[in-house]
$ cat coords.tsv   # TSV, C-alpha atoms
chain	number	residue	atom	x	y	z
A	1	MET	CA	-19.00	8.06	40.34
A	2	THR	CA	-17.82	7.05	43.77
A	3	ASN	CA	-15.82	9.28	46.10
A	4	CYS	CA	-13.97	6.20	47.28
A	5	PRO	CA	-12.09	4.73	44.33
A	6	LEU	CA	-10.93	1.16	44.58
A	7	ARG	CA	-7.87	1.75	42.41
A	8	SER	CA	-5.69	1.21	45.48
A	9	ARG	CA	-6.99	-2.31	46.06
A	10	SER	CA	-5.70	-4.49	48.82
A	11	ILE	CA	-2.66	-6.72	48.32
A	12	THR	CA	-5.02	-9.68	48.53
A	13	MET	CA	-6.93	-8.61	45.39
A	14	LYS	CA	-3.67	-7.88	43.54
A	15	SER	CA	-2.35	-11.34	44.38
A	16	LYS	CA	-5.65	-12.89	43.23
A	17	ARG	CA	-5.29	-11.15	39.87
A	18	LYS	CA	-1.71	-12.40	39.49
A	19	THR	CA	-2.87	-15.93	40.30
A	20	ILE	CA	-5.64	-15.70	37.70
A	21	LYS	CA	-3.25	-14.32	35.10
A	22	LYS	CA	-0.68	-17.04	35.72
A	23	SER	CA	-3.29	-19.79	35.51
A	24	GLY	CA	-4.37	-18.72	32.04
A	25	VAL	CA	-7.82	-20.08	32.87
A	26	GLN	CA	-9.77	-16.84	33.18
A	27	PRO	CA	-9.68	-13.38	31.53
A	28	ILE	CA	-8.75	-10.66	34.00
A	29	ALA	CA	-8.47	-7.07	32.83
A	30	LYS	CA	-11.90	-6.39	31.33
A	31	PRO	CA	-13.43	-3.42	33.17
A	32	LEU	CA	-17.08	-3.90	34.13
A	33	SER	CA	-17.43	-0.53	35.86
A	34	PRO	CA	-15.10	2.25	37.05
A	35	ASN	CA	-13.97	0.24	40.08
A	36	PHE	CA	-14.58	-3.41	39.21
A	37	LEU	CA	-12.78	-5.63	36.75
A	38	LEU	CA	-14.07	-8.96	35.50
A	39	ALA	CA	-11.38	-10.60	37.66
A	40	ASP	CA	-13.00	-9.13	40.79
A	41	LEU	CA	-16.25	-10.97	40.07
A	42	ILE	CA	-14.99	-14.31	38.72
A	43	PHE	CA	-12.05	-15.16	40.97
A	44	SER	CA	-12.42	-18.40	42.93
A	45	ASP	CA	-9.87	-20.21	45.09
A	46	THR	CA	-11.94	-23.37	44.67
A	47	ALA	CA	-11.90	-23.08	40.87
A	48	LEU	CA	-8.12	-22.68	40.89
A	49	LYS	CA	-7.54	-25.55	43.31
A	50	LYS	CA	-9.86	-27.92	41.42
A	51	GLY	CA	-8.98	-26.74	37.91
A	52	ILE	CA	-12.55	-25.63	37.17
A	53	ARG	CA	-13.06	-23.08	34.39
A	54	ASN	CA	-15.05	-20.14	35.70
A	55	THR	CA	-15.49	-18.20	32.47
A	56	PRO	CA	-18.88	-16.45	32.20
A	57	THR	CA	-21.22	-16.88	29.26
A	58	LYS	CA	-22.17	-13.82	27.17
A	59	ALA	CA	-25.45	-13.53	29.07
A	60	ALA	CA	-23.65	-13.79	32.43
A	61	LEU	CA	-21.12	-11.17	31.32
A	62	LYS	CA	-23.97	-8.74	30.58
A	63	ASN	CA	-25.42	-9.49	34.02
A	64	LEU	CA	-22.01	-8.97	35.65
A	65	LYS	CA	-21.93	-5.43	34.24
A	66	HIS	CA	-25.30	-4.75	35.90
A	67	LEU	CA	-24.04	-6.33	39.14
A	68	ALA	CA	-20.88	-4.19	39.04
A	69	ALA	CA	-22.98	-1.04	38.55
A	70	THR	CA	-25.02	-1.95	41.63
A	71	LEU	CA	-21.87	-2.71	43.63
A	72	GLU	CA	-20.61	0.78	42.66
A	73	GLN	CA	-23.71	2.17	44.41
A	74	VAL	CA	-22.91	0.05	47.47
A	75	VAL	CA	-19.32	1.34	47.60
A	76	GLU	CA	-20.56	4.92	47.31
A	77	LEU	CA	-23.16	4.33	50.04
A	78	LEU	CA	-20.66	2.75	52.45
A	79	GLY	CA	-17.80	5.11	51.62
A	80	HIS	CA	-15.30	2.25	51.64
A	81	PRO	CA	-14.09	-0.47	49.27
A	82	ILE	CA	-15.73	-3.86	49.53
A	83	SER	CA	-14.00	-7.23	49.50
A	84	ILE	CA	-15.75	-9.68	47.17
A	85	SER	CA	-15.49	-13.32	48.23
A	86	SER	CA	-17.76	-14.78	45.54
A	87	GLY	CA	-19.30	-13.44	42.36
A	88	TYR	CA	-19.97	-15.39	39.18
A	89	ARG	CA	-19.87	-19.18	39.48
A	90	SER	CA	-19.96	-21.57	36.54
A	91	LYS	CA	-22.38	-24.44	37.05
A	92	ALA	CA	-19.43	-26.77	37.71
A	93	LEU	CA	-17.98	-24.42	40.32
A	94	ASN	CA	-21.38	-23.90	41.94
A	95	ALA	CA	-21.82	-27.68	42.22
A	96	ALA	CA	-18.29	-28.07	43.63
A	97	ILE	CA	-19.00	-25.67	46.50
A	98	GLY	CA	-22.49	-27.07	47.16
A	99	GLY	CA	-24.34	-23.96	45.94
A	100	SER	CA	-28.07	-23.88	45.21
A	101	LYS	CA	-29.05	-25.04	41.72
A	102	THR	CA	-31.07	-21.82	41.36
A	103	SER	CA	-28.25	-19.57	42.62
A	104	GLN	CA	-28.12	-16.13	41.01
A	105	HIS	CA	-24.31	-16.49	41.16
A	106	THR	CA	-24.52	-18.86	38.14
A	107	GLN	CA	-26.15	-16.12	36.08
A	108	GLY	CA	-23.74	-13.36	37.15
A	109	LEU	CA	-26.46	-11.70	39.21
A	110	ALA	CA	-25.06	-12.05	42.75
A	111	ALA	CA	-22.00	-11.31	44.83
A	112	ASP	CA	-20.93	-12.11	48.38
A	113	PHE	CA	-18.83	-9.46	50.10
A	114	THR	CA	-17.75	-7.75	53.29
A	115	CYS	CA	-16.76	-4.18	54.08
A	116	LYS	CA	-14.69	-4.30	57.26
A	117	ASN	CA	-13.85	-0.58	57.10
A	118	PHE	CA	-17.57	0.21	57.31
A	119	GLY	CA	-18.58	-2.35	59.92
A	120	THR	CA	-20.12	-5.76	60.39
A	121	PRO	CA	-22.09	-7.50	57.65
A	122	PHE	CA	-25.18	-6.81	59.79
A	123	SER	CA	-24.52	-3.05	59.68
A	124	VAL	CA	-23.79	-3.21	55.93
A	125	CYS	CA	-27.11	-4.98	55.31
A	126	LYS	CA	-28.93	-2.46	57.47
A	127	LYS	CA	-27.41	0.45	55.53
A	128	ILE	CA	-28.28	-1.10	52.14
A	129	THR	CA	-31.80	-1.94	53.29
A	130	ASN	CA	-32.41	1.68	54.28
A	131	SER	CA	-30.96	3.08	51.03
A	132	GLY	CA	-32.55	3.52	47.62
A	133	ILE	CA	-30.44	0.75	46.07
A	134	ARG	CA	-32.68	-1.65	44.16
A	135	PHE	CA	-31.98	-5.35	44.57
A	136	ASP	CA	-33.69	-8.70	44.38
A	137	GLN	CA	-32.19	-10.32	47.49
A	138	LEU	CA	-30.07	-9.04	50.32
A	139	ILE	CA	-28.99	-11.86	52.60
A	140	LEU	CA	-27.03	-11.63	55.83
A	141	GLU	CA	-25.24	-14.98	55.77
A	142	TYR	CA	-23.47	-16.66	58.66
A	143	GLY	CA	-21.11	-19.58	58.16
A	144	THR	CA	-19.94	-21.84	60.95
A	145	SER	CA	-20.03	-19.10	63.60
A	146	ARG	CA	-21.11	-15.53	64.20
A	147	LYS	CA	-17.53	-14.47	63.43
A	148	ILE	CA	-17.83	-15.79	59.88
A	149	ALA	CA	-20.40	-13.64	58.11
A	150	TRP	CA	-20.87	-11.90	54.79
A	151	VAL	CA	-23.42	-10.04	52.69
A	152	HIS	CA	-25.06	-11.67	49.67
A	153	LEU	CA	-26.47	-9.16	47.18
A	154	GLY	CA	-28.61	-10.50	44.34
A	155	VAL	CA	-29.67	-8.15	41.54
A	156	GLY	CA	-31.97	-10.46	39.60
A	157	PRO	CA	-34.77	-9.03	37.47
A	158	LYS	CA	-37.57	-9.45	40.03
A	159	LYS	CA	-36.31	-6.64	42.34
A	160	ARG	CA	-38.27	-8.12	45.28
A	161	CYS	CA	-36.14	-6.24	47.84
A	162	GLN	CA	-36.22	-9.46	49.85
A	163	VAL	CA	-34.12	-9.27	53.02
A	164	LEU	CA	-33.14	-12.53	54.74
A	165	THR	CA	-30.83	-13.91	57.38
A	166	ILE	CA	-29.35	-17.36	56.84
A	167	CYS	CA	-27.11	-19.37	59.13
A	168	THR	CA	-25.72	-22.42	57.36
A	169	ASN	CA	-24.31	-23.87	60.59
A	170	SER	CA	-27.72	-24.36	62.17
A	171	ASN	CA	-29.85	-24.62	59.00
A	172	PHE	CA	-31.54	-21.36	60.04
A	173	SER	CA	-33.37	-19.00	57.67
A	174	ARG	CA	-35.65	-16.07	58.51
A	175	ASP	CA	-37.11	-13.03	56.80
A	176	GLY	CA	-35.47	-9.76	57.78
A	177	LEU	CA	-32.18	-9.00	59.52
A	178	HIS	CA	-31.34	-10.98	62.64
A	179	ARG	CA	-28.17	-11.23	64.69
A	180	TYR	CA	-26.59	-14.65	65.07
A	181	ARG	CA	-27.48	-16.29	68.38
A	182	LYS	CA	-26.47	-19.73	69.56
A	183	LYS	CA	-29.28	-22.05	70.51
A	184	GLN	CA	-29.90	-22.28	74.24
A	185	ALA	CA	-29.10	-25.75	75.61
$ encode --input "coords.tsv" --output "structure tokens"
Amino acid sequence: MTNCPLRSRSITMKSKRKTIKKSGVQPIAKPLSPNFLLADLIFSDTALKKGIRNTPTKAALKNLKHLAATLEQVVELLGHPISISSGYRSKALNAAIGGSKTSQHTQGLAADFTCKNFGTPFSVCKKITNSGIRFDQLILEYGTSRKIAWVHLGVGPKKRCQVLTICTNSNFSRDGLHRYRKKQA
């Protein structure tokens, strides 16, 4: 059990839940763990905007429970709530956002998140890497700049403890944790 309950979630998460409820597209209140509801791991702005159903299969729902249990360990380790930007993705949603065809998100085995109250995504990755939390992939991901970054945690069955850094802006991928650096001209 975590010392840092997420029951007092941010207004952003509460508004996401209301949006999901109003849409009638996705179930919302099913608890997956003490601090995570199904809504936390299936919400998608893209799905809502494009009218894509993002309802997990039975197998994905089972995986989401395992993912939520691992995220509980992360919250306890960091001592702060995390903000999930992406969890489960239906195949249609994954295609719509340009995700990998082999993405663990489509199986309910991955989540992207930040924890601003703890620190940067780099420091979050470093803390998880040095903990006893078992994972398949831990990826420090950068978007279009060093200011846009998040943590990808995959809990697939292989438990490779693979740590990577990926920068989509420059098509950069390396083993281990690396800080974002612009290419020298």
$ closest_residue --input "coords.tsv" --among "A:Arg53, A:His152, A:Arg89, A:Lys126" --to "A:Leu138" --atoms "all atoms listed in the file"
A:His152
$ residues_around --input "coords.tsv" --residues "A:Lys116" --least-positions-apart "6" --cutoff "9 Å" --atoms "all atoms listed in the file" --output "list of chain:residue names"
A:His80, A:Pro81, A:Ile82, A:Ser83
$ atom_distance --input "coords.tsv" --atom1 "atom CA of A:Leu109" --atom2 "atom CA of A:Leu32"
13.2 Å
$ atom_distance --input "coords.tsv" --atom1 "atom CA of A:Ala149" --atom2 "atom CA of A:Thr120"
8.2 Å
$ closest_residue --input "coords.tsv" --among "A:Pro34, A:Gly119, A:Gly108, A:Gly99" --to "A:Thr55" --atoms "only C-alpha atoms"
A:Gly108
$ residues_near_point --input "coords.tsv" --point "(-25.5, 0.6, 49.3)" --cutoff "7 Å" --atoms "all atoms listed in the file" --output "list in words"
Gln73, Val74, Val75, Glu76, Leu77, Leu78, Lys127, Ile128, Ser131 and Ile133 of chain A
$ residues_near_point --input "coords.tsv" --point "(-27.8, -15.5, 44.0)" --cutoff "12 Å" --atoms "only C-alpha atoms" --output "PyMOL selection string"
chain A and resi 63+67+86-89+94+99-112+135-139+151-157+162
$ write_last_selection --input "coords.tsv" --atoms "C-alpha atoms" --output "compact mmCIF listing (two decimals), in the coordinates of the input"
# COMPACT_ATOMS: atom_id res chain seq x y z
CA ASN A 63 -25.42 -9.49 34.02
CA LEU A 67 -24.04 -6.33 39.14
CA SER A 86 -17.76 -14.78 45.54
CA GLY A 87 -19.30 -13.44 42.36
CA TYR A 88 -19.97 -15.39 39.18
CA ARG A 89 -19.87 -19.18 39.48
CA ASN A 94 -21.38 -23.90 41.94
CA GLY A 99 -24.34 -23.96 45.94
CA SER A 100 -28.07 -23.88 45.21
CA LYS A 101 -29.05 -25.04 41.72
CA THR A 102 -31.07 -21.82 41.36
CA SER A 103 -28.25 -19.57 42.62
CA GLN A 104 -28.12 -16.13 41.01
CA HIS A 105 -24.31 -16.49 41.16
CA THR A 106 -24.52 -18.86 38.14
CA GLN A 107 -26.15 -16.12 36.08
CA GLY A 108 -23.74 -13.36 37.15
CA LEU A 109 -26.46 -11.70 39.21
CA ALA A 110 -25.06 -12.05 42.75
CA ALA A 111 -22.00 -11.31 44.83
CA ASP A 112 -20.93 -12.11 48.38
CA PHE A 135 -31.98 -5.35 44.57
CA ASP A 136 -33.69 -8.70 44.38
CA GLN A 137 -32.19 -10.32 47.49
CA LEU A 138 -30.07 -9.04 50.32
CA ILE A 139 -28.99 -11.86 52.60
CA VAL A 151 -23.42 -10.04 52.69
CA HIS A 152 -25.06 -11.67 49.67
CA LEU A 153 -26.47 -9.16 47.18
CA GLY A 154 -28.61 -10.50 44.34
CA VAL A 155 -29.67 -8.15 41.54
CA GLY A 156 -31.97 -10.46 39.60
CA PRO A 157 -34.77 -9.03 37.47
CA GLN A 162 -36.22 -9.46 49.85
$ residues_around --input "coords.tsv" --residues "A:Ala92" --least-positions-apart "6" --cutoff "9 Å" --atoms "all atoms listed in the file" --output "list of chain:residue names"
A:Ala47, A:Ile52, A:Arg53, A:Asn54
$ write_last_selection --input "coords.tsv" --atoms "C-alpha atoms" --output "PDB file, in the coordinates of the input"
ATOM      1  CA  ALA A  47     -11.900 -23.080  40.870  1.00  0.00           C
ATOM      2  CA  ILE A  52     -12.550 -25.630  37.170  1.00  0.00           C
ATOM      3  CA  ARG A  53     -13.060 -23.080  34.390  1.00  0.00           C
ATOM      4  CA  ASN A  54     -15.050 -20.140  35.700  1.00  0.00           C
TER       5      ASN A  54
END
$ atom_distance --input "coords.tsv" --atom1 "atom CA of A:Glu141" --atom2 "atom CA of A:Phe113"
10.2 Å
$ closest_residue --input "coords.tsv" --among "A:Leu93, A:Leu71, A:Ile166, A:Ile148" --to "A:Phe43" --atoms "all atoms listed in the file"
A:Leu93
$ closest_residue --input "coords.tsv" --among "A:Ser44, A:Ser90, A:Thr57, A:Thr165" --to "A:Phe122" --atoms "only C-alpha atoms"
A:Thr165
$ closest_residue --input "coords.tsv" --among "A:Val124, A:Leu164, A:Ile84, A:Ile97" --to "A:Thr46" --atoms "only C-alpha atoms"
A:Ile97
$ closest_residue --input "coords.tsv" --among "A:Arg160, A:Asp45, A:Thr168, A:Asn35" --to "A:Thr70" --atoms "all atoms listed in the file"
A:Asn35
$ axis_aligned_box --input "coords.tsv" --around "stretch 74-88 of chain A" --padding-each-side "3 Å" --output "lines of an AutoDock Vina configuration file"
center_x = -18.6
center_y = -5.1
center_z = 45.8
size_x = 15.2
size_y = 26.5
size_z = 19.3
$ build_atoms --input "coords.tsv" --residues "stretch 31-46 of chain A" --atoms "N, CA, C and O atoms" --output "PDB file, in the coordinates of the input"
ATOM      1  N   PRO A  31     -12.700  -4.239  32.200  1.00  0.00           N
ATOM      2  CA  PRO A  31     -13.430  -3.420  33.170  1.00  0.00           C
ATOM      3  C   PRO A  31     -14.939  -3.607  33.011  1.00  0.00           C
ATOM      4  O   PRO A  31     -15.458  -3.593  31.897  1.00  0.00           O
ATOM      5  N   LEU A  32     -15.619  -3.794  34.135  1.00  0.00           N
ATOM      6  CA  LEU A  32     -17.080  -3.900  34.130  1.00  0.00           C
ATOM      7  C   LEU A  32     -17.721  -2.589  34.574  1.00  0.00           C
ATOM      8  O   LEU A  32     -18.867  -2.310  34.241  1.00  0.00           O
ATOM      9  N   SER A  33     -16.975  -1.818  35.347  1.00  0.00           N
ATOM     10  CA  SER A  33     -17.430  -0.530  35.860  1.00  0.00           C
ATOM     11  C   SER A  33     -16.166   0.247  36.252  1.00  0.00           C
ATOM     12  O   SER A  33     -15.068  -0.291  36.166  1.00  0.00           O
ATOM     13  N   PRO A  34     -16.302   1.489  36.692  1.00  0.00           N
ATOM     14  CA  PRO A  34     -15.100   2.250  37.050  1.00  0.00           C
ATOM     15  C   PRO A  34     -14.191   1.574  38.082  1.00  0.00           C
ATOM     16  O   PRO A  34     -12.982   1.724  38.033  1.00  0.00           O
ATOM     17  N   ASN A  35     -14.760   0.819  39.004  1.00  0.00           N
ATOM     18  CA  ASN A  35     -13.970   0.240  40.080  1.00  0.00           C
ATOM     19  C   ASN A  35     -13.901  -1.280  40.103  1.00  0.00           C
ATOM     20  O   ASN A  35     -13.254  -1.846  40.984  1.00  0.00           O
ATOM     21  N   PHE A  36     -14.573  -1.949  39.192  1.00  0.00           N
ATOM     22  CA  PHE A  36     -14.580  -3.410  39.210  1.00  0.00           C
ATOM     23  C   PHE A  36     -14.168  -3.977  37.857  1.00  0.00           C
ATOM     24  O   PHE A  36     -14.719  -3.606  36.823  1.00  0.00           O
ATOM     25  N   LEU A  37     -13.201  -4.885  37.923  1.00  0.00           N
ATOM     26  CA  LEU A  37     -12.780  -5.630  36.750  1.00  0.00           C
ATOM     27  C   LEU A  37     -13.483  -6.985  36.748  1.00  0.00           C
ATOM     28  O   LEU A  37     -13.958  -7.456  37.788  1.00  0.00           O
ATOM     29  N   LEU A  38     -13.499  -7.619  35.587  1.00  0.00           N
ATOM     30  CA  LEU A  38     -14.070  -8.960  35.500  1.00  0.00           C
ATOM     31  C   LEU A  38     -13.420  -9.885  36.520  1.00  0.00           C
ATOM     32  O   LEU A  38     -14.096 -10.683  37.175  1.00  0.00           O
ATOM     33  N   ALA A  39     -12.110  -9.748  36.709  1.00  0.00           N
ATOM     34  CA  ALA A  39     -11.380 -10.600  37.660  1.00  0.00           C
ATOM     35  C   ALA A  39     -11.959 -10.507  39.069  1.00  0.00           C
ATOM     36  O   ALA A  39     -11.978 -11.486  39.805  1.00  0.00           O
ATOM     37  N   ASP A  40     -12.440  -9.322  39.446  1.00  0.00           N
ATOM     38  CA  ASP A  40     -13.000  -9.130  40.790  1.00  0.00           C
ATOM     39  C   ASP A  40     -14.236  -9.998  41.016  1.00  0.00           C
ATOM     40  O   ASP A  40     -14.534 -10.374  42.145  1.00  0.00           O
ATOM     41  N   LEU A  41     -14.973 -10.265  39.935  1.00  0.00           N
ATOM     42  CA  LEU A  41     -16.250 -10.970  40.070  1.00  0.00           C
ATOM     43  C   LEU A  41     -16.220 -12.421  39.593  1.00  0.00           C
ATOM     44  O   LEU A  41     -17.243 -13.100  39.653  1.00  0.00           O
ATOM     45  N   ILE A  42     -15.059 -12.900  39.135  1.00  0.00           N
ATOM     46  CA  ILE A  42     -14.990 -14.310  38.720  1.00  0.00           C
ATOM     47  C   ILE A  42     -13.937 -15.107  39.478  1.00  0.00           C
ATOM     48  O   ILE A  42     -13.886 -16.328  39.357  1.00  0.00           O
ATOM     49  N   PHE A  43     -13.104 -14.441  40.267  1.00  0.00           N
ATOM     50  CA  PHE A  43     -12.050 -15.160  40.970  1.00  0.00           C
ATOM     51  C   PHE A  43     -12.632 -16.182  41.940  1.00  0.00           C
ATOM     52  O   PHE A  43     -13.607 -15.915  42.631  1.00  0.00           O
ATOM     53  N   SER A  44     -12.005 -17.354  41.996  1.00  0.00           N
ATOM     54  CA  SER A  44     -12.420 -18.400  42.930  1.00  0.00           C
ATOM     55  C   SER A  44     -11.226 -19.264  43.305  1.00  0.00           C
ATOM     56  O   SER A  44     -10.615 -19.887  42.435  1.00  0.00           O
ATOM     57  N   ASP A  45     -10.915 -19.303  44.602  1.00  0.00           N
ATOM     58  CA  ASP A  45      -9.870 -20.210  45.090  1.00  0.00           C
ATOM     59  C   ASP A  45     -10.220 -21.650  44.756  1.00  0.00           C
ATOM     60  O   ASP A  45      -9.374 -22.433  44.337  1.00  0.00           O
ATOM     61  N   THR A  46     -11.497 -21.993  44.935  1.00  0.00           N
ATOM     62  CA  THR A  46     -11.940 -23.370  44.670  1.00  0.00           C
ATOM     63  C   THR A  46     -11.730 -23.729  43.206  1.00  0.00           C
ATOM     64  O   THR A  46     -11.253 -24.817  42.896  1.00  0.00           O
TER      65      THR A  46
END
